[in-house]
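One structure is given here, and the rest of the page talks about it.
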Amino acid sequence: MSEDMRRWRLILGEPANSCANPLCDADARQDAALRWLYDHDPELAERGVRAGGLGESTLTTVDWLDEVHTLFPRETVERLERDAIERYGITDVLTDPEVLARVEPNAALLRAVLRTKHLMNPAVLALARRIVEQVVRDLLRRLAVVVRQPFSGPRTRRRSPVRLARNFDFHGTIRANLARYRPDERRLVVDEVRFTARTRRQVDTWQLVLVVDQSASMVDSVIHAAVTASCLWSVPGLRTHLIAFDTAVVDLTSDVTDPVDLLMSVQLGGGTNIAKALSYAATLIDTPRRAIIAVISDFYEGGDPNALVRSVRTLVAQGTVVLGLAALDESATPAYDRALAQRLANEGAHIGAMTPGALAEFIAERMG
(Lines give C-alpha, C1' and ligand atoms only; values in the text may rest on other atoms or scores of the structure.)
Protein backbone atom coordinates (compact mmCIF):
# COMPACT_ATOMS: atom_id res chain seq x y z
CA MET A 1 0.00 0.00 0.00
CA SER A 2 1.41 3.42 -0.95
CA GLU A 3 2.00 6.02 1.77
CA ASP A 4 -0.80 8.25 0.40
CA MET A 5 -3.24 5.33 0.34
CA ARG A 6 -2.20 4.32 3.86
CA ARG A 7 -2.88 7.83 5.18
CA TRP A 8 -6.27 8.02 3.48
CA ARG A 9 -7.20 4.60 4.86
CA LEU A 10 -6.38 5.75 8.42
CA ILE A 11 -8.32 8.99 7.91
CA LEU A 12 -11.42 7.33 6.45
CA GLY A 13 -11.49 4.33 8.78
CA GLU A 14 -13.26 1.00 8.24
CA PRO A 15 -15.60 2.22 5.45
CA ALA A 16 -12.52 2.44 3.20
CA ASN A 17 -11.66 -1.27 3.60
CA SER A 18 -13.41 -2.18 0.36
CA CYS A 19 -11.06 -0.05 -1.74
CA ALA A 20 -7.79 -0.44 0.16
CA ASN A 21 -5.42 -3.26 0.95
CA PRO A 22 -5.34 -4.62 4.51
CA LEU A 23 -3.36 -2.62 7.01
CA CYS A 24 -0.14 -3.92 8.52
CA ASP A 25 -0.12 -4.75 12.24
CA ALA A 26 1.18 -1.33 13.45
CA ASP A 27 -1.27 0.56 11.23
CA ALA A 28 -4.12 -1.69 12.36
CA ARG A 29 -3.32 -0.83 15.97
CA GLN A 30 -3.35 2.88 15.14
CA ASP A 31 -6.66 2.43 13.34
CA ALA A 32 -8.16 0.62 16.34
CA ALA A 33 -7.03 3.37 18.71
CA LEU A 34 -8.47 6.09 16.46
CA ARG A 35 -11.76 4.17 16.07
CA TRP A 36 -12.03 3.70 19.83
CA LEU A 37 -12.03 7.47 20.25
CA TYR A 38 -13.78 8.84 17.19
CA ASP A 39 -16.55 6.23 17.13
CA HIS A 40 -17.88 8.19 20.12
CA ASP A 41 -18.88 10.97 17.70
CA PRO A 42 -22.73 11.20 17.72
CA GLU A 43 -22.66 12.71 14.21
CA LEU A 44 -21.69 9.30 12.81
CA ALA A 45 -25.11 7.87 13.61
CA GLU A 46 -26.84 10.98 12.26
CA ARG A 47 -25.00 10.52 8.96
CA GLY A 48 -25.87 6.81 8.88
CA VAL A 49 -22.25 5.73 9.42
CA ARG A 50 -21.99 2.49 11.38
CA ALA A 51 -19.50 2.64 14.26
CA GLY A 52 -17.04 -0.15 13.64
CA GLY A 53 -16.62 -1.41 17.18
CA LEU A 54 -13.84 -3.69 18.26
CA GLY A 55 -15.80 -6.74 19.33
CA GLU A 56 -13.93 -8.85 21.85
CA SER A 57 -10.85 -6.62 21.54
CA THR A 58 -12.65 -3.49 22.81
CA LEU A 59 -10.12 -1.27 24.60
CA THR A 60 -10.50 0.11 28.09
CA THR A 61 -9.45 3.71 28.65
CA VAL A 62 -6.24 2.50 30.31
CA ASP A 63 -5.44 0.23 27.33
CA TRP A 64 -6.24 3.04 24.91
CA LEU A 65 -3.91 5.48 26.67
CA ASP A 66 -1.12 2.92 26.65
CA GLU A 67 -1.68 2.34 22.93
CA VAL A 68 -1.72 5.98 21.86
CA HIS A 69 1.40 6.76 23.91
CA THR A 70 3.14 3.88 22.14
CA LEU A 71 1.84 4.46 18.62
CA PHE A 72 1.73 8.24 18.13
CA PRO A 73 4.09 11.22 18.60
CA ARG A 74 3.57 13.44 21.63
CA GLU A 75 1.72 16.25 19.84
CA THR A 76 -0.75 13.71 18.43
CA VAL A 77 -1.24 12.14 21.86
CA GLU A 78 -2.09 15.55 23.32
CA ARG A 79 -4.66 16.14 20.58
CA LEU A 80 -6.24 12.72 21.12
CA GLU A 81 -6.43 13.21 24.89
CA ARG A 82 -7.91 16.68 24.41
CA ASP A 83 -10.60 15.31 22.06
CA ALA A 84 -11.38 12.49 24.50
CA ILE A 85 -12.06 14.96 27.31
CA GLU A 86 -13.45 18.04 25.59
CA ARG A 87 -15.32 16.60 22.60
CA TYR A 88 -16.58 13.27 23.90
CA GLY A 89 -16.64 13.69 27.67
CA ILE A 90 -14.67 10.53 28.44
CA THR A 91 -14.48 11.46 32.11
CA ASP A 92 -12.71 8.37 33.44
CA VAL A 93 -9.55 9.98 32.06
CA LEU A 94 -9.96 12.26 35.08
CA THR A 95 -11.79 10.10 37.64
CA ASP A 96 -9.98 6.75 37.40
CA PRO A 97 -6.67 6.88 39.35
CA GLU A 98 -5.09 4.27 37.10
CA VAL A 99 -5.94 6.31 34.01
CA LEU A 100 -5.01 9.65 35.55
CA ALA A 101 -1.57 8.37 36.51
CA ARG A 102 -0.82 7.64 32.84
CA VAL A 103 -1.94 10.82 31.12
CA GLU A 104 0.51 13.44 29.90
CA PRO A 105 -0.12 16.80 31.65
CA ASN A 106 -1.25 19.47 29.17
CA ALA A 107 -3.48 22.53 29.01
CA ALA A 108 -6.59 20.57 28.00
CA LEU A 109 -6.22 18.29 31.01
CA LEU A 110 -5.71 21.29 33.29
CA ARG A 111 -8.98 22.82 32.07
CA ALA A 112 -10.76 19.50 32.56
CA VAL A 113 -9.35 19.06 36.08
CA LEU A 114 -10.57 22.52 37.10
CA ARG A 115 -14.05 21.73 35.76
CA THR A 116 -14.38 18.33 37.46
CA LYS A 117 -12.20 18.43 40.60
CA HIS A 118 -15.25 18.86 42.83
CA LEU A 119 -16.31 15.34 41.75
CA MET A 120 -12.99 13.70 42.61
CA ASN A 121 -12.24 11.70 45.74
CA PRO A 122 -9.08 12.65 47.69
CA ALA A 123 -6.87 9.99 46.03
CA VAL A 124 -7.83 11.09 42.53
CA LEU A 125 -7.54 14.76 43.49
CA ALA A 126 -3.93 14.20 44.60
CA LEU A 127 -3.11 12.77 41.17
CA ALA A 128 -4.96 15.62 39.47
CA ARG A 129 -2.84 18.10 41.39
CA ARG A 130 0.22 16.66 39.64
CA ILE A 131 -1.28 17.77 36.33
CA VAL A 132 -2.05 21.24 37.68
CA GLU A 133 1.46 21.64 39.09
CA GLN A 134 3.26 20.64 35.91
CA VAL A 135 1.13 22.67 33.51
CA VAL A 136 1.19 25.77 35.76
CA ARG A 137 4.97 25.46 36.18
CA ASP A 138 5.41 25.39 32.39
CA LEU A 139 3.03 28.32 31.98
CA LEU A 140 4.82 30.33 34.67
CA ARG A 141 8.16 29.76 32.98
CA ARG A 142 6.83 31.02 29.64
CA LEU A 143 4.90 34.00 30.96
CA ALA A 144 7.26 35.27 33.65
CA VAL A 145 9.59 36.92 31.12
CA VAL A 146 6.91 38.53 28.93
CA VAL A 147 4.86 39.75 31.91
CA ARG A 148 7.77 41.25 33.89
CA GLN A 149 9.77 42.68 30.98
CA PRO A 150 7.65 45.86 30.49
CA PHE A 151 8.43 46.87 34.09
CA SER A 152 12.20 46.65 33.72
CA GLY A 153 12.42 50.22 32.36
CA PRO A 154 13.96 51.58 29.14
CA ARG A 155 17.70 51.34 28.58
CA THR A 156 19.99 54.32 29.15
CA ARG A 157 23.49 55.06 27.85
CA ARG A 158 24.84 54.64 31.37
CA ARG A 159 26.84 51.46 31.91
CA SER A 160 25.71 48.98 34.54
CA PRO A 161 27.61 46.41 36.62
CA VAL A 162 24.48 44.22 36.67
CA ARG A 163 25.15 41.48 34.13
CA LEU A 164 21.70 40.51 32.79
CA ALA A 165 21.09 39.13 29.32
CA ARG A 166 18.29 41.60 28.59
CA ASN A 167 20.70 44.50 29.34
CA PHE A 168 23.51 43.25 27.06
CA ASP A 169 25.01 46.16 25.08
CA PHE A 170 25.92 44.58 21.73
CA HIS A 171 27.26 47.69 20.01
CA GLY A 172 29.14 48.89 23.10
CA THR A 173 30.78 45.49 23.48
CA ILE A 174 31.90 45.51 19.83
CA ARG A 175 33.37 49.02 20.14
CA ALA A 176 35.20 48.17 23.39
CA ASN A 177 36.91 45.16 21.79
CA LEU A 178 37.73 46.40 18.26
CA ALA A 179 41.43 46.60 19.13
CA ARG A 180 41.37 42.84 19.61
CA TYR A 181 40.11 42.05 16.11
CA ARG A 182 42.28 39.43 14.34
CA PRO A 183 42.07 40.04 10.56
CA ASP A 184 43.89 36.82 9.66
CA GLU A 185 41.32 34.78 11.55
CA ARG A 186 38.39 37.14 10.84
CA ARG A 187 37.57 36.87 14.52
CA LEU A 188 36.94 39.36 17.32
CA VAL A 189 38.27 38.38 20.72
CA VAL A 190 35.87 39.69 23.37
CA ASP A 191 37.65 40.55 26.59
CA GLU A 192 35.24 43.19 27.92
CA VAL A 193 31.47 42.60 27.93
CA ARG A 194 29.31 45.67 28.49
CA PHE A 195 25.81 46.08 29.87
CA THR A 196 23.54 49.13 30.02
CA ALA A 197 21.45 50.39 32.93
CA ARG A 198 17.69 50.90 32.94
CA THR A 199 15.66 53.76 34.35
CA ARG A 200 12.95 53.25 36.94
CA ARG A 201 9.48 53.01 35.48
CA GLN A 202 7.72 54.67 38.40
CA VAL A 203 8.03 56.15 41.84
CA ASP A 204 4.51 55.98 43.28
CA THR A 205 2.89 52.71 44.26
CA TRP A 206 0.01 51.57 42.08
CA GLN A 207 -2.73 49.04 42.74
CA LEU A 208 -3.90 46.38 40.31
CA VAL A 209 -7.13 44.53 41.10
CA LEU A 210 -7.80 41.54 38.85
CA VAL A 211 -11.50 40.60 39.05
CA VAL A 212 -12.03 37.21 37.42
CA ASP A 213 -15.29 35.58 36.34
CA GLN A 214 -15.37 31.91 37.50
CA SER A 215 -17.99 30.79 34.97
CA ALA A 216 -16.98 27.61 33.12
CA SER A 217 -16.65 29.43 29.80
CA MET A 218 -13.85 31.57 31.29
CA VAL A 219 -11.61 28.69 32.40
CA ASP A 220 -8.64 29.72 30.22
CA SER A 221 -8.83 33.27 31.54
CA VAL A 222 -9.02 32.04 35.14
CA ILE A 223 -5.83 30.01 34.62
CA HIS A 224 -3.94 32.87 32.99
CA ALA A 225 -5.18 35.43 35.51
CA ALA A 226 -3.83 33.30 38.37
CA VAL A 227 -0.45 32.89 36.70
CA THR A 228 -0.28 36.55 35.64
CA ALA A 229 -1.09 37.71 39.18
CA SER A 230 1.71 35.49 40.48
CA CYS A 231 4.17 36.99 37.95
CA LEU A 232 3.15 40.56 38.84
CA TRP A 233 3.24 40.02 42.61
CA SER A 234 6.94 40.90 42.95
CA VAL A 235 6.93 43.90 40.56
CA PRO A 236 8.26 46.95 42.47
CA GLY A 237 5.71 49.70 42.94
CA LEU A 238 2.72 47.49 42.11
CA ARG A 239 0.34 45.99 44.68
CA THR A 240 -1.68 43.18 43.12
CA HIS A 241 -5.05 41.79 44.25
CA LEU A 242 -6.93 38.84 42.78
CA ILE A 243 -10.69 38.50 43.17
CA ALA A 244 -12.79 35.59 41.83
CA PHE A 245 -16.56 35.74 41.55
CA ASP A 246 -19.73 34.03 40.43
CA THR A 247 -22.75 35.11 42.47
CA ALA A 248 -20.39 35.30 45.45
CA VAL A 249 -17.07 37.15 45.70
CA VAL A 250 -13.86 35.51 46.98
CA ASP A 251 -10.65 37.43 47.68
CA LEU A 252 -7.77 35.15 46.63
CA THR A 253 -4.97 37.69 47.12
CA SER A 254 -3.37 35.71 49.95
CA ASP A 255 -2.86 32.74 47.59
CA VAL A 256 -1.41 34.69 44.65
CA THR A 257 2.15 33.53 45.31
CA ASP A 258 1.08 29.90 44.86
CA PRO A 259 -1.02 29.68 41.67
CA VAL A 260 -1.38 25.91 42.05
CA ASP A 261 -3.14 26.21 45.43
CA LEU A 262 -5.09 29.12 44.04
CA LEU A 263 -6.41 27.18 41.05
CA MET A 264 -7.21 24.15 43.18
CA SER A 265 -9.38 26.40 45.36
CA VAL A 266 -11.29 27.97 42.46
CA GLN A 267 -14.73 26.50 41.79
CA LEU A 268 -15.87 26.98 38.20
CA GLY A 269 -19.51 27.36 37.31
CA GLY A 270 -22.45 29.04 39.00
CA GLY A 271 -24.03 32.36 38.18
CA THR A 272 -22.43 35.71 37.39
CA ASN A 273 -22.76 38.95 39.35
CA ILE A 274 -20.18 41.36 37.93
CA ALA A 275 -21.67 44.41 39.66
CA LYS A 276 -21.24 42.81 43.09
CA ALA A 277 -17.62 41.87 42.35
CA LEU A 278 -16.78 45.35 41.03
CA SER A 279 -18.32 46.97 44.10
CA TYR A 280 -16.06 44.85 46.30
CA ALA A 281 -13.01 45.69 44.17
CA ALA A 282 -13.76 49.40 44.59
CA THR A 283 -13.48 49.06 48.38
CA LEU A 284 -9.84 47.91 48.02
CA ILE A 285 -8.70 51.09 46.26
CA ASP A 286 -6.55 53.44 48.35
CA THR A 287 -5.59 56.08 45.76
CA PRO A 288 -8.09 56.13 42.86
CA ARG A 289 -5.77 57.88 40.40
CA ARG A 290 -3.11 55.22 40.87
CA ALA A 291 -5.36 52.19 40.53
CA ILE A 292 -6.33 49.79 37.75
CA ILE A 293 -9.29 47.44 38.02
CA ALA A 294 -9.25 44.74 35.34
CA VAL A 295 -12.54 42.85 35.07
CA ILE A 296 -12.07 39.56 33.19
CA SER A 297 -15.50 38.32 32.12
CA ASP A 298 -17.73 37.50 29.16
CA PHE A 299 -20.03 40.29 30.46
CA TYR A 300 -23.16 38.12 30.50
CA GLU A 301 -24.36 39.79 33.68
CA GLY A 302 -26.66 37.78 35.93
CA GLY A 303 -26.97 40.66 38.38
CA ASP A 304 -28.08 44.22 37.72
CA PRO A 305 -26.50 45.60 34.50
CA ASN A 306 -27.52 49.13 35.44
CA ALA A 307 -25.71 48.84 38.78
CA LEU A 308 -22.62 47.64 36.92
CA VAL A 309 -22.75 50.61 34.55
CA ARG A 310 -23.13 53.01 37.49
CA SER A 311 -20.13 51.45 39.27
CA VAL A 312 -17.96 51.87 36.19
CA ARG A 313 -19.10 55.47 35.80
CA THR A 314 -18.18 56.24 39.43
CA LEU A 315 -14.77 54.58 39.21
CA VAL A 316 -13.84 56.34 35.98
CA ALA A 317 -15.00 59.70 37.38
CA GLN A 318 -12.67 59.34 40.37
CA GLY A 319 -9.72 58.63 38.09
CA THR A 320 -9.45 54.82 38.37
CA VAL A 321 -8.57 52.97 35.17
CA VAL A 322 -11.24 50.36 34.45
CA LEU A 323 -10.23 47.63 32.01
CA GLY A 324 -12.76 45.07 30.78
CA LEU A 325 -11.22 41.96 29.24
CA ALA A 326 -13.40 39.44 27.44
CA ALA A 327 -10.39 37.11 27.34
CA LEU A 328 -7.01 36.92 29.08
CA ASP A 329 -5.04 34.05 27.59
CA GLU A 330 -2.42 33.29 24.97
CA SER A 331 -4.87 33.40 22.05
CA ALA A 332 -6.91 36.42 23.28
CA THR A 333 -9.98 35.22 21.34
CA PRO A 334 -13.09 36.70 23.00
CA ALA A 335 -16.74 35.65 23.11
CA TYR A 336 -18.83 38.12 25.10
CA ASP A 337 -21.96 40.26 25.46
CA ARG A 338 -21.07 43.10 23.10
CA ALA A 339 -24.06 45.23 24.04
CA LEU A 340 -23.17 45.43 27.73
CA ALA A 341 -19.47 45.82 26.93
CA GLN A 342 -20.36 48.81 24.71
CA ARG A 343 -22.32 50.40 27.54
CA LEU A 344 -19.26 50.09 29.80
CA ALA A 345 -17.03 51.53 27.07
CA ASN A 346 -19.41 54.48 26.77
CA GLU A 347 -18.76 55.19 30.47
CA GLY A 348 -15.00 55.29 29.92
CA ALA A 349 -13.93 51.68 30.48
CA HIS A 350 -11.29 50.17 28.18
CA ILE A 351 -12.76 47.04 26.59
CA GLY A 352 -10.85 44.35 24.72
CA ALA A 353 -9.07 41.01 24.91
CA MET A 354 -5.39 40.63 25.79
CA THR A 355 -2.57 38.19 26.23
CA PRO A 356 -0.86 38.36 29.64
CA GLY A 357 2.09 40.15 28.01
CA ALA A 358 -0.19 42.79 26.50
CA LEU A 359 -1.86 43.30 29.88
CA ALA A 360 1.55 43.84 31.50
CA GLU A 361 2.42 46.44 28.85
CA PHE A 362 -0.89 48.22 29.43
CA ILE A 363 -0.23 48.37 33.19
CA ALA A 364 3.39 49.51 32.73
CA GLU A 365 2.31 52.33 30.41
CA ARG A 366 -0.20 53.62 32.97
CA MET A 367 2.36 53.40 35.77
CA GLY A 368 5.08 55.01 33.66
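Numbering starts fresh at 1 for the residues of each chain in the C-alpha coordinates, the chains themselves are lettered A, B, ... in the order given, and ligands are numbered from 1 as they appear.
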
Enumerate, in order of chain and increasing residue number, the residues of stretch 173-242 of chain A with an atom no farther than 12 Å from stretch 248-258 of chain A, each with its shortest atom pair and distance in Å to one decimal, counting only C-alpha atoms, as a Markdown table.
| residue | atom | partner | partner_atom | distance |
| --- | --- | --- | --- | --- |
| A:Leu208 | CA | A:Thr253 | CA | 11.1 |
| A:Val209 | CA | A:Thr253 | CA | 9.4 |
| A:Leu210 | CA | A:Thr253 | CA | 9.5 |
| A:Val211 | CA | A:Asp251 | CA | 9.2 |
| A:Val212 | CA | A:Val249 | CA | 9.7 |
| A:Asp213 | CA | A:Val249 | CA | 9.7 |
| A:Gln214 | CA | A:Val249 | CA | 9.9 |
| A:Ser215 | CA | A:Ala248 | CA | 11.7 |
| A:Val222 | CA | A:Leu252 | CA | 12.0 |
| A:Ile223 | CA | A:Val256 | CA | 11.9 |
| A:Ala225 | CA | A:Val256 | CA | 9.9 |
| A:Ala226 | CA | A:Val256 | CA | 6.9 |
| A:Val227 | CA | A:Val256 | CA | 8.2 |
| A:Thr228 | CA | A:Val256 | CA | 9.3 |
| A:Ala229 | CA | A:Val256 | CA | 6.3 |
| A:Ser230 | CA | A:Thr257 | CA | 5.2 |
| A:Cys231 | CA | A:Thr257 | CA | 8.4 |
| A:Leu232 | CA | A:Val256 | CA | 9.4 |
| A:Trp233 | CA | A:Thr257 | CA | 7.1 |
| A:Ser234 | CA | A:Thr257 | CA | 9.1 |
| A:Arg239 | CA | A:Thr253 | CA | 10.2 |
| A:Thr240 | CA | A:Thr253 | CA | 7.6 |
| A:His241 | CA | A:Thr253 | CA | 5.0 |
| A:Leu242 | CA | A:Thr253 | CA | 4.9 |

Residues within 10 Å of A:Gly348, only C-alpha atoms, excluding chain neighbours under 6 positions, as an mmCIF file with all heavy atoms, in the first residue's frame:
data_model
loop_
_atom_site.group_PDB
_atom_site.id
_atom_site.type_symbol
_atom_site.label_atom_id
_atom_site.label_comp_id
_atom_site.auth_asym_id
_atom_site.auth_seq_id
_atom_site.Cartn_x
_atom_site.Cartn_y
_atom_site.Cartn_z
ATOM 1 N N VAL A 312 -19.027 51.494 37.120
ATOM 2 C CA VAL A 312 -17.957 51.873 36.192
ATOM 3 C C VAL A 312 -17.900 53.383 36.044
ATOM 4 O O VAL A 312 -16.818 53.992 36.063
ATOM 5 C CB VAL A 312 -18.156 51.187 34.824
ATOM 6 C CG1 VAL A 312 -17.206 51.772 33.779
ATOM 7 C CG2 VAL A 312 -17.952 49.684 34.942
ATOM 8 N N ARG A 313 -19.051 54.007 35.939
ATOM 9 C CA ARG A 313 -19.100 55.471 35.801
ATOM 10 C C ARG A 313 -18.450 56.146 37.009
ATOM 11 O O ARG A 313 -17.645 57.079 36.865
ATOM 12 C CB ARG A 313 -20.551 55.929 35.664
ATOM 13 C CG ARG A 313 -20.713 57.432 35.457
ATOM 14 C CD ARG A 313 -22.183 57.814 35.483
ATOM 15 N NE ARG A 313 -22.933 57.063 34.500
ATOM 16 C CZ ARG A 313 -24.139 56.518 34.721
ATOM 17 N NH1 ARG A 313 -24.721 56.647 35.910
ATOM 18 N NH2 ARG A 313 -24.749 55.850 33.772
ATOM 19 N N LEU A 315 -16.206 54.851 39.159
ATOM 20 C CA LEU A 315 -14.767 54.578 39.209
ATOM 21 C C LEU A 315 -13.991 55.436 38.209
ATOM 22 O O LEU A 315 -12.944 55.993 38.534
ATOM 23 C CB LEU A 315 -14.518 53.091 38.930
ATOM 24 C CG LEU A 315 -14.887 52.129 40.059
ATOM 25 C CD1 LEU A 315 -14.953 50.687 39.545
ATOM 26 C CD2 LEU A 315 -13.898 52.234 41.213
ATOM 27 N N VAL A 316 -14.510 55.538 37.001
ATOM 28 C CA VAL A 316 -13.837 56.342 35.979
ATOM 29 C C VAL A 316 -13.822 57.809 36.387
ATOM 30 O O VAL A 316 -12.807 58.509 36.224
ATOM 31 C CB VAL A 316 -14.524 56.157 34.609
ATOM 32 C CG1 VAL A 316 -13.979 57.155 33.589
ATOM 33 C CG2 VAL A 316 -14.334 54.727 34.102
ATOM 34 N N ALA A 317 -14.926 58.290 36.966
ATOM 35 C CA ALA A 317 -15.001 59.699 37.376
ATOM 36 C C ALA A 317 -13.982 60.029 38.455
ATOM 37 O O ALA A 317 -13.477 61.160 38.510
ATOM 38 C CB ALA A 317 -16.415 60.015 37.868
ATOM 39 N N VAL A 321 -8.539 53.588 36.495
ATOM 40 C CA VAL A 321 -8.570 52.967 35.169
ATOM 41 C C VAL A 321 -9.366 51.671 35.273
ATOM 42 O O VAL A 321 -9.036 50.790 36.081
ATOM 43 C CB VAL A 321 -7.144 52.657 34.666
ATOM 44 C CG1 VAL A 321 -7.205 51.933 33.316
ATOM 45 C CG2 VAL A 321 -6.323 53.934 34.554
ATOM 46 N N VAL A 322 -10.431 51.568 34.483
ATOM 47 C CA VAL A 322 -11.244 50.356 34.450
ATOM 48 C C VAL A 322 -10.999 49.664 33.121
ATOM 49 O O VAL A 322 -11.206 50.240 32.055
ATOM 50 C CB VAL A 322 -12.746 50.663 34.625
ATOM 51 C CG1 VAL A 322 -13.559 49.381 34.564
ATOM 52 C CG2 VAL A 322 -12.990 51.383 35.948
ATOM 53 N N LEU A 323 -10.540 48.426 33.197
ATOM 54 C CA LEU A 323 -10.227 47.633 32.009
ATOM 55 C C LEU A 323 -11.126 46.415 31.994
ATOM 56 O O LEU A 323 -11.148 45.631 32.949
ATOM 57 C CB LEU A 323 -8.754 47.215 32.049
ATOM 58 C CG LEU A 323 -8.237 46.292 30.942
ATOM 59 C CD1 LEU A 323 -8.346 46.964 29.590
ATOM 60 C CD2 LEU A 323 -6.793 45.889 31.231
ATOM 61 N N GLN A 342 -20.300 47.481 25.328
ATOM 62 C CA GLN A 342 -20.358 48.806 24.711
ATOM 63 C C GLN A 342 -20.865 49.850 25.707
ATOM 64 O O GLN A 342 -20.362 50.981 25.744
ATOM 65 C CB GLN A 342 -21.268 48.769 23.481
ATOM 66 C CG GLN A 342 -21.328 50.085 22.716
ATOM 67 C CD GLN A 342 -19.971 50.506 22.187
ATOM 68 O OE1 GLN A 342 -19.367 49.774 21.402
ATOM 69 N NE2 GLN A 342 -19.473 51.673 22.613
#

> In Å, how far is it from atom CA of A:Val266 to atom CA of A:Ser221?
Replying inline: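 The value is 12.4 Å.
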
>> To test your reading of the structure, identify every residue in stretch 228-294 of chain A that backbone DSSP assigns to helix (DSSP H, G or I), and report it as a list of chain:residue names.
In response: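 Selection result, helix (DSSP H, G or I) within stretch 228-294 of chain A: A:Thr228, A:Ala229, A:Ser230, A:Cys231, A:Leu232, A:Thr253, A:Ser254, A:Asp255, A:Pro259, A:Val260, A:Asp261, A:Leu262, A:Leu263, A:Met264, A:Ser265, A:Ile274, A:Ala275, A:Lys276, A:Ala277, A:Leu278, A:Ser279, A:Tyr280, A:Ala281, A:Ala282, A:Thr283, A:Pro288, A:Arg289, A:Arg290.
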
>> Let me make sure I understand: among A:Arg35, A:Arg194, A:Arg115, A:Arg142, which one has the smallest atom-to-atom distance to A:Gly172 if we use only C-alpha atoms?
In response: A:Arg194
